[in-house]
Amino acid sequence: MSSEKSSCPPTVVSSTSSKGPDLKNAKESKVVEDIKKAIENKDFLLAASITQKYLEDTNNIPLNIAVTGESGVGKSTFVNAFRGIDNRDERAAPTGEVETTMKPEAYPHPTYPNVTLWDLPGIGTTRFPADQYMKHVEFEKFDFFILVSAIRFNENDAKLAKEIKKMGKKLFFVRSKIDHNLRDAQRSQREYDEEKILQKIREYCIQGLKEQGVASPQVFLVSSFDLHLYEFRALQDTMERELPSHKRDVLILALPNICKSTIYKKKEVFRSQIWHYALLSATVEAVPIPAISIVVDVGILVKVLQDYLFGFCLDKRSLEKCSSSTNTPLDELRAMLNCICCGKDVTKELVLLMLKSATVLLIGLAAEEGSRWIPFIGIPIAAALSFTTIYKFLRSNLNELSVDAENILTKVLAIK
């Protein structure tokens, strides 16, 4: 794969997983049926409760990713890069040329704590002999494994790979420190051909694994310091395909924004949730308690907009980090962004200001509170207005924020 800084085309991952039934759609269908029954029975509190629980469960699905390999191959740096932070961050996994991981260490994603990357101790060291390794790290709890090597996958790597496959778990081979290899080649070769060097490294790794009995190995060439280069994109696409449907969206949201395709996929995940939040608003609207609907609506919008900012790395901390790493003044960075909430703490006051600027939506919210007390027909009208207001507001801001995220990617980070 070329290292050219080009954007990967938008792709939609199929909702049908390569592993087992589509649990996500099955659960969603059951939830929809339960909500319908509750509404038919005019039990709007139950309908709201079902919707709320579904959203909470969906947003807290656990995903455990194991990163393993020999000591000194860059496991910790890869774990940090995957989580969108660098080695100097206070939340980073410690790095070093000697074995710094003494036991399986959990590193929750800074934005999505339900996603945990596990930095596993190096196999084959005197501290962790291969025959005790599997039991030591409790392999059964992980959703999939990433086996990292900085040179060639050796005998211990091959043994580990075969054991993982025996357990029916997914395994991905990552050849790290590709940037080091290319830099060395540029300094030592008269005729430097990056594509040929990458192909040679890939074939060398694949051949080594085959010679040690690993069938059909797929190796991804990665630089943890420049994930947008080389084959991390192909790795993330493969991981998405191999995960069951109910965990795929969890992975997508946790991925670093390395190309337009990633931003597009995140947008689609967020978009698929909008109608659930709109339905939650509508079911609460139908409960005959004065003024509760506006409070709930604003609360929903605060929460979801915060999720969008963190997911697209448009929150205050992410923009400050981007400003520092690219030497771009923060004010200049903010001037490139269109959505009013970018780089700000999302508060009720900010949401009300955003609603005020969207006059049609604000009128909708006011109309809800007035119409709900019309006898017999008032509740259905108010619920419909609430659903439409929340849906349109979130859809509009989601579109705007995804464009802002692309602007940061292309104009500031120079990733085309």
# chains A, B, ... in the order shown; residues from 1 in each chain; ligands from 1
$ select_by_dssp --residues "stretch 36-83 of chain A" --states "strand (DSSP E)" --output "NGL selection string"
:A and (63-69)
$ write_last_selection --atoms "all heavy atoms" --output "PDB file, in the first residue's frame"
ATOM      1  N   LEU A  63     -15.793  -3.798  24.728  1.00  0.00           N
ATOM      2  CA  LEU A  63     -14.914  -4.293  23.668  1.00  0.00           C
ATOM      3  C   LEU A  63     -13.508  -4.365  24.244  1.00  0.00           C
ATOM      4  O   LEU A  63     -12.956  -3.352  24.677  1.00  0.00           O
ATOM      5  CB  LEU A  63     -14.954  -3.364  22.452  1.00  0.00           C
ATOM      6  CG  LEU A  63     -14.100  -3.783  21.248  1.00  0.00           C
ATOM      7  CD1 LEU A  63     -14.621  -5.092  20.646  1.00  0.00           C
ATOM      8  CD2 LEU A  63     -14.096  -2.682  20.187  1.00  0.00           C
ATOM      9  N   ASN A  64     -12.940  -5.571  24.270  1.00  0.00           N
ATOM     10  CA  ASN A  64     -11.610  -5.786  24.838  1.00  0.00           C
ATOM     11  C   ASN A  64     -10.644  -6.235  23.749  1.00  0.00           C
ATOM     12  O   ASN A  64     -10.833  -7.294  23.139  1.00  0.00           O
ATOM     13  CB  ASN A  64     -11.671  -6.835  25.952  1.00  0.00           C
ATOM     14  CG  ASN A  64     -12.376  -6.313  27.188  1.00  0.00           C
ATOM     15  OD1 ASN A  64     -11.834  -5.495  27.924  1.00  0.00           O
ATOM     16  ND2 ASN A  64     -13.596  -6.773  27.419  1.00  0.00           N
ATOM     17  N   ILE A  65      -9.615  -5.426  23.517  1.00  0.00           N
ATOM     18  CA  ILE A  65      -8.643  -5.673  22.454  1.00  0.00           C
ATOM     19  C   ILE A  65      -7.289  -5.967  23.079  1.00  0.00           C
ATOM     20  O   ILE A  65      -6.764  -5.153  23.847  1.00  0.00           O
ATOM     21  CB  ILE A  65      -8.536  -4.454  21.524  1.00  0.00           C
ATOM     22  CG1 ILE A  65      -9.916  -4.086  20.948  1.00  0.00           C
ATOM     23  CG2 ILE A  65      -7.530  -4.706  20.402  1.00  0.00           C
ATOM     24  CD1 ILE A  65      -9.946  -2.741  20.240  1.00  0.00           C
ATOM     25  N   ALA A  66      -6.729  -7.130  22.756  1.00  0.00           N
ATOM     26  CA  ALA A  66      -5.423  -7.511  23.297  1.00  0.00           C
ATOM     27  C   ALA A  66      -4.331  -7.191  22.291  1.00  0.00           C
ATOM     28  O   ALA A  66      -4.444  -7.521  21.118  1.00  0.00           O
ATOM     29  CB  ALA A  66      -5.413  -9.002  23.616  1.00  0.00           C
ATOM     30  N   VAL A  67      -3.281  -6.528  22.772  1.00  0.00           N
ATOM     31  CA  VAL A  67      -2.111  -6.232  21.935  1.00  0.00           C
ATOM     32  C   VAL A  67      -0.918  -6.951  22.556  1.00  0.00           C
ATOM     33  O   VAL A  67      -0.576  -6.714  23.710  1.00  0.00           O
ATOM     34  CB  VAL A  67      -1.841  -4.717  21.856  1.00  0.00           C
ATOM     35  CG1 VAL A  67      -0.639  -4.436  20.948  1.00  0.00           C
ATOM     36  CG2 VAL A  67      -3.079  -3.984  21.328  1.00  0.00           C
ATOM     37  N   THR A  68      -0.310  -7.846  21.786  1.00  0.00           N
ATOM     38  CA  THR A  68       0.761  -8.662  22.338  1.00  0.00           C
ATOM     39  C   THR A  68       1.909  -8.789  21.341  1.00  0.00           C
ATOM     40  O   THR A  68       1.828  -8.316  20.218  1.00  0.00           O
ATOM     41  CB  THR A  68       0.233 -10.059  22.730  1.00  0.00           C
ATOM     42  OG1 THR A  68       1.260 -10.787  23.394  1.00  0.00           O
ATOM     43  CG2 THR A  68      -0.247 -10.828  21.506  1.00  0.00           C
ATOM     44  N   GLY A  69       2.981  -9.445  21.783  1.00  0.00           N
ATOM     45  CA  GLY A  69       4.184  -9.604  20.972  1.00  0.00           C
ATOM     46  C   GLY A  69       5.414  -9.587  21.867  1.00  0.00           C
ATOM     47  O   GLY A  69       5.319  -9.417  23.079  1.00  0.00           O
TER      48      GLY A  69
END
$ closest_residue --among "A:Ile123, A:Val296, A:Val403, A:Thr238" --to "A:His136" --atoms "only C-alpha atoms"
A:Ile123
$ residues_around --residues "A:Arg233" --least-positions-apart "6" --cutoff "10 Å" --atoms "only C-alpha atoms" --output "ChimeraX atom specification"
/A:8,220,222,227,239,258-259,261-262
$ residues_around --residues "stretch 163-171 of chain A" --least-positions-apart "2" --cutoff "12 Å" --atoms "only C-alpha atoms" --output "ChimeraX atom specification"
/A:18-19,65-69,130-131,133-135,138-148,156-161,173-174,213-220,235,238-244
$ write_last_selection --atoms "N, CA and C atoms" --output "CSV table (one decimal), in the first residue's frame"
chain,number,residue,atom,x,y,z
A,18,SER,N,-19.6,-11.4,9.8
A,18,SER,CA,-19.1,-12.6,9.3
A,18,SER,C,-19.2,-13.7,10.4
A,19,LYS,N,-19.6,-13.3,11.6
A,19,LYS,CA,-19.6,-14.2,12.7
A,19,LYS,C,-21.0,-14.2,13.3
A,65,ILE,N,-9.6,-5.4,23.5
A,65,ILE,CA,-8.6,-5.7,22.5
A,65,ILE,C,-7.3,-6.0,23.1
A,66,ALA,N,-6.7,-7.1,22.8
A,66,ALA,CA,-5.4,-7.5,23.3
A,66,ALA,C,-4.3,-7.2,22.3
A,67,VAL,N,-3.3,-6.5,22.8
A,67,VAL,CA,-2.1,-6.2,21.9
A,67,VAL,C,-0.9,-7.0,22.6
A,68,THR,N,-0.3,-7.8,21.8
A,68,THR,CA,0.8,-8.7,22.3
A,68,THR,C,1.9,-8.8,21.3
A,69,GLY,N,3.0,-9.4,21.8
A,69,GLY,CA,4.2,-9.6,21.0
A,69,GLY,C,5.4,-9.6,21.9
A,130,ALA,N,6.7,-19.2,27.2
A,130,ALA,CA,5.5,-19.4,26.3
A,130,ALA,C,4.5,-20.4,26.9
A,131,ASP,N,5.0,-21.4,27.6
A,131,ASP,CA,4.1,-22.5,28.1
A,131,ASP,C,3.2,-22.0,29.2
A,133,TYR,N,2.2,-18.6,29.3
A,133,TYR,CA,1.7,-17.3,28.8
A,133,TYR,C,0.2,-17.3,28.7
A,134,MET,N,-0.4,-18.3,28.0
A,134,MET,CA,-1.8,-18.3,27.8
A,134,MET,C,-2.7,-18.1,29.0
A,135,LYS,N,-2.3,-18.9,30.0
A,135,LYS,CA,-3.1,-18.9,31.3
A,135,LYS,C,-2.8,-17.6,32.0
A,138,GLU,N,-5.1,-14.7,30.7
A,138,GLU,CA,-6.6,-14.9,30.6
A,138,GLU,C,-7.1,-14.5,29.2
A,139,PHE,N,-6.6,-15.3,28.2
A,139,PHE,CA,-6.9,-15.0,26.8
A,139,PHE,C,-8.4,-15.0,26.5
A,140,GLU,N,-9.2,-15.8,27.2
A,140,GLU,CA,-10.6,-16.0,26.9
A,140,GLU,C,-11.4,-14.7,26.9
A,141,LYS,N,-11.0,-13.7,27.7
A,141,LYS,CA,-11.8,-12.5,27.9
A,141,LYS,C,-11.7,-11.5,26.7
A,142,PHE,N,-10.8,-11.7,25.8
A,142,PHE,CA,-10.6,-10.7,24.7
A,142,PHE,C,-11.4,-11.0,23.5
A,143,ASP,N,-11.9,-9.9,22.8
A,143,ASP,CA,-12.7,-10.0,21.6
A,143,ASP,C,-11.8,-10.3,20.4
A,144,PHE,N,-10.6,-9.8,20.3
A,144,PHE,CA,-9.7,-10.1,19.3
A,144,PHE,C,-8.3,-9.7,19.7
A,145,PHE,N,-7.3,-10.2,18.9
A,145,PHE,CA,-5.9,-10.0,19.3
A,145,PHE,C,-5.1,-9.3,18.2
A,146,ILE,N,-4.2,-8.5,18.6
A,146,ILE,CA,-3.3,-7.9,17.6
A,146,ILE,C,-1.8,-8.3,18.0
A,147,LEU,N,-1.2,-9.0,17.2
A,147,LEU,CA,0.2,-9.5,17.5
A,147,LEU,C,1.2,-8.6,16.7
A,148,VAL,N,2.0,-7.9,17.5
A,148,VAL,CA,2.9,-6.9,16.9
A,148,VAL,C,4.4,-7.4,16.9
A,156,ASN,N,7.9,-18.1,18.8
A,156,ASN,CA,7.0,-17.8,19.8
A,156,ASN,C,5.7,-17.1,19.3
A,157,ASP,N,5.9,-16.2,18.4
A,157,ASP,CA,4.7,-15.5,17.8
A,157,ASP,C,3.8,-16.5,17.1
A,158,ALA,N,4.5,-17.4,16.3
A,158,ALA,CA,3.7,-18.5,15.6
A,158,ALA,C,3.0,-19.4,16.5
A,159,LYS,N,3.6,-19.8,17.6
A,159,LYS,CA,2.9,-20.7,18.6
A,159,LYS,C,1.7,-20.0,19.2
A,160,LEU,N,1.9,-18.7,19.5
A,160,LEU,CA,0.8,-17.9,20.1
A,160,LEU,C,-0.3,-17.8,19.1
A,161,ALA,N,0.0,-17.5,17.8
A,161,ALA,CA,-1.0,-17.3,16.8
A,161,ALA,C,-1.8,-18.6,16.6
A,173,PHE,N,-2.0,-9.6,12.5
A,173,PHE,CA,-0.6,-9.4,12.6
A,173,PHE,C,-0.2,-8.0,12.2
A,174,VAL,N,0.5,-7.3,13.0
A,174,VAL,CA,0.9,-5.9,12.7
A,174,VAL,C,2.5,-5.9,12.7
A,213,GLY,N,4.1,-22.7,10.2
A,213,GLY,CA,2.8,-23.4,10.3
A,213,GLY,C,1.6,-22.6,10.5
A,214,VAL,N,1.7,-21.2,10.3
A,214,VAL,CA,0.5,-20.3,10.4
A,214,VAL,C,-0.1,-20.2,9.0
A,215,ALA,N,-1.3,-20.7,8.9
A,215,ALA,CA,-2.0,-20.7,7.6
A,215,ALA,C,-2.6,-19.3,7.2
A,216,SER,N,-2.4,-18.9,6.0
A,216,SER,CA,-2.9,-17.7,5.4
A,216,SER,C,-2.8,-16.5,6.3
A,217,PRO,N,-1.6,-16.2,6.7
A,217,PRO,CA,-1.5,-15.0,7.6
A,217,PRO,C,-1.6,-13.7,6.8
A,218,GLN,N,-2.3,-12.7,7.4
A,218,GLN,CA,-2.5,-11.4,6.8
A,218,GLN,C,-1.7,-10.4,7.7
A,219,VAL,N,-0.7,-9.7,7.1
A,219,VAL,CA,0.1,-8.8,7.8
A,219,VAL,C,-0.1,-7.4,7.4
A,220,PHE,N,-0.2,-6.5,8.4
A,220,PHE,CA,-0.5,-5.1,8.1
A,220,PHE,C,0.7,-4.3,8.5
A,235,LEU,N,-6.2,-2.4,8.2
A,235,LEU,CA,-6.4,-3.1,9.4
A,235,LEU,C,-7.7,-2.8,10.1
A,238,THR,N,-10.6,-4.4,8.2
A,238,THR,CA,-10.6,-5.8,8.5
A,238,THR,C,-11.2,-6.1,9.9
A,239,MET,N,-10.8,-5.4,10.9
A,239,MET,CA,-11.3,-5.6,12.2
A,239,MET,C,-12.8,-5.3,12.2
A,240,GLU,N,-13.3,-4.3,11.5
A,240,GLU,CA,-14.8,-4.0,11.5
A,240,GLU,C,-15.5,-5.2,10.9
A,241,ARG,N,-15.0,-5.8,9.8
A,241,ARG,CA,-15.7,-6.9,9.1
A,241,ARG,C,-15.8,-8.1,10.0
A,242,GLU,N,-14.7,-8.3,10.8
A,242,GLU,CA,-14.6,-9.6,11.6
A,242,GLU,C,-15.4,-9.5,12.9
A,243,LEU,N,-15.7,-8.3,13.3
A,243,LEU,CA,-16.5,-8.2,14.6
A,243,LEU,C,-17.9,-8.5,14.4
A,244,PRO,N,-18.6,-9.1,15.4
A,244,PRO,CA,-20.1,-9.2,15.4
A,244,PRO,C,-20.7,-7.8,15.3
$ select_by_dssp --residues "stretch 121-290 of chain A" --states "helix (DSSP H, G or I)" --output "PyMOL selection string"
chain A and resi 130-137+139-141+155-166+178-188+194-211+232-242+245-254+260-285
$ atom_distance --atom1 "atom CA of A:Ala383" --atom2 "atom CA of A:Leu309"
27.6 Å
$ atom_distance --atom1 "atom CA of A:Arg83" --atom2 "atom CA of A:His109"
5.5 Å
$ residues_around --residues "A:Thr58" --least-positions-apart "4" --cutoff "12 Å" --atoms "only C-alpha atoms" --output "number ranges by chain"
A: 23-25, 27-28, 31, 51-54, 62-63, 114, 245-250, 269-270, 272-273, 276
$ atom_distance --atom1 "atom CA of A:Arg395" --atom2 "atom CA of A:Gln306"
14.3 Å
$ residues_around --residues "A:Leu394" --least-positions-apart "6" --cutoff "9 Å" --atoms "only C-alpha atoms" --output "MDAnalysis selection string"
chainID A and resid 271 274 278 301 304:305
$ write_last_selection --atoms "N, CA, C and O atoms" --output "tab-separated table (two decimals), in the first residue's frame"
chain	number	residue	atom	x	y	z
A	271	ARG	N	-25.72	8.80	13.26
A	271	ARG	CA	-26.99	9.03	12.57
A	271	ARG	C	-27.99	7.92	12.90
A	271	ARG	O	-29.19	8.17	13.08
A	274	ILE	N	-29.99	8.62	16.10
A	274	ILE	CA	-30.79	9.84	16.27
A	274	ILE	C	-32.25	9.53	16.52
A	274	ILE	O	-32.89	10.13	17.40
A	278	ALA	N	-34.76	10.85	19.47
A	278	ALA	CA	-36.00	11.56	19.14
A	278	ALA	C	-37.21	10.84	19.71
A	278	ALA	O	-38.15	11.47	20.22
A	301	LEU	N	-30.11	16.83	24.22
A	301	LEU	CA	-29.26	17.52	23.25
A	301	LEU	C	-27.87	17.80	23.82
A	301	LEU	O	-26.87	17.70	23.10
A	304	VAL	N	-25.95	14.36	23.68
A	304	VAL	CA	-25.63	13.87	22.33
A	304	VAL	C	-24.60	14.78	21.65
A	304	VAL	O	-23.68	14.29	20.99
A	305	LEU	N	-24.74	16.08	21.80
A	305	LEU	CA	-23.76	16.99	21.21
A	305	LEU	C	-22.37	16.77	21.80
A	305	LEU	O	-21.36	16.85	21.09
$ residues_around --residues "A:Leu314" --least-positions-apart "4" --cutoff "8 Å" --atoms "only C-alpha atoms" --output "PyMOL selection string"
chain A and resi 309-310+318-319+342-343+405
$ closest_residue --among "A:Pro104, A:Pro110, A:Pro121, A:Gly208" --to "A:Arg152" --atoms "only C-alpha atoms"
A:Gly208
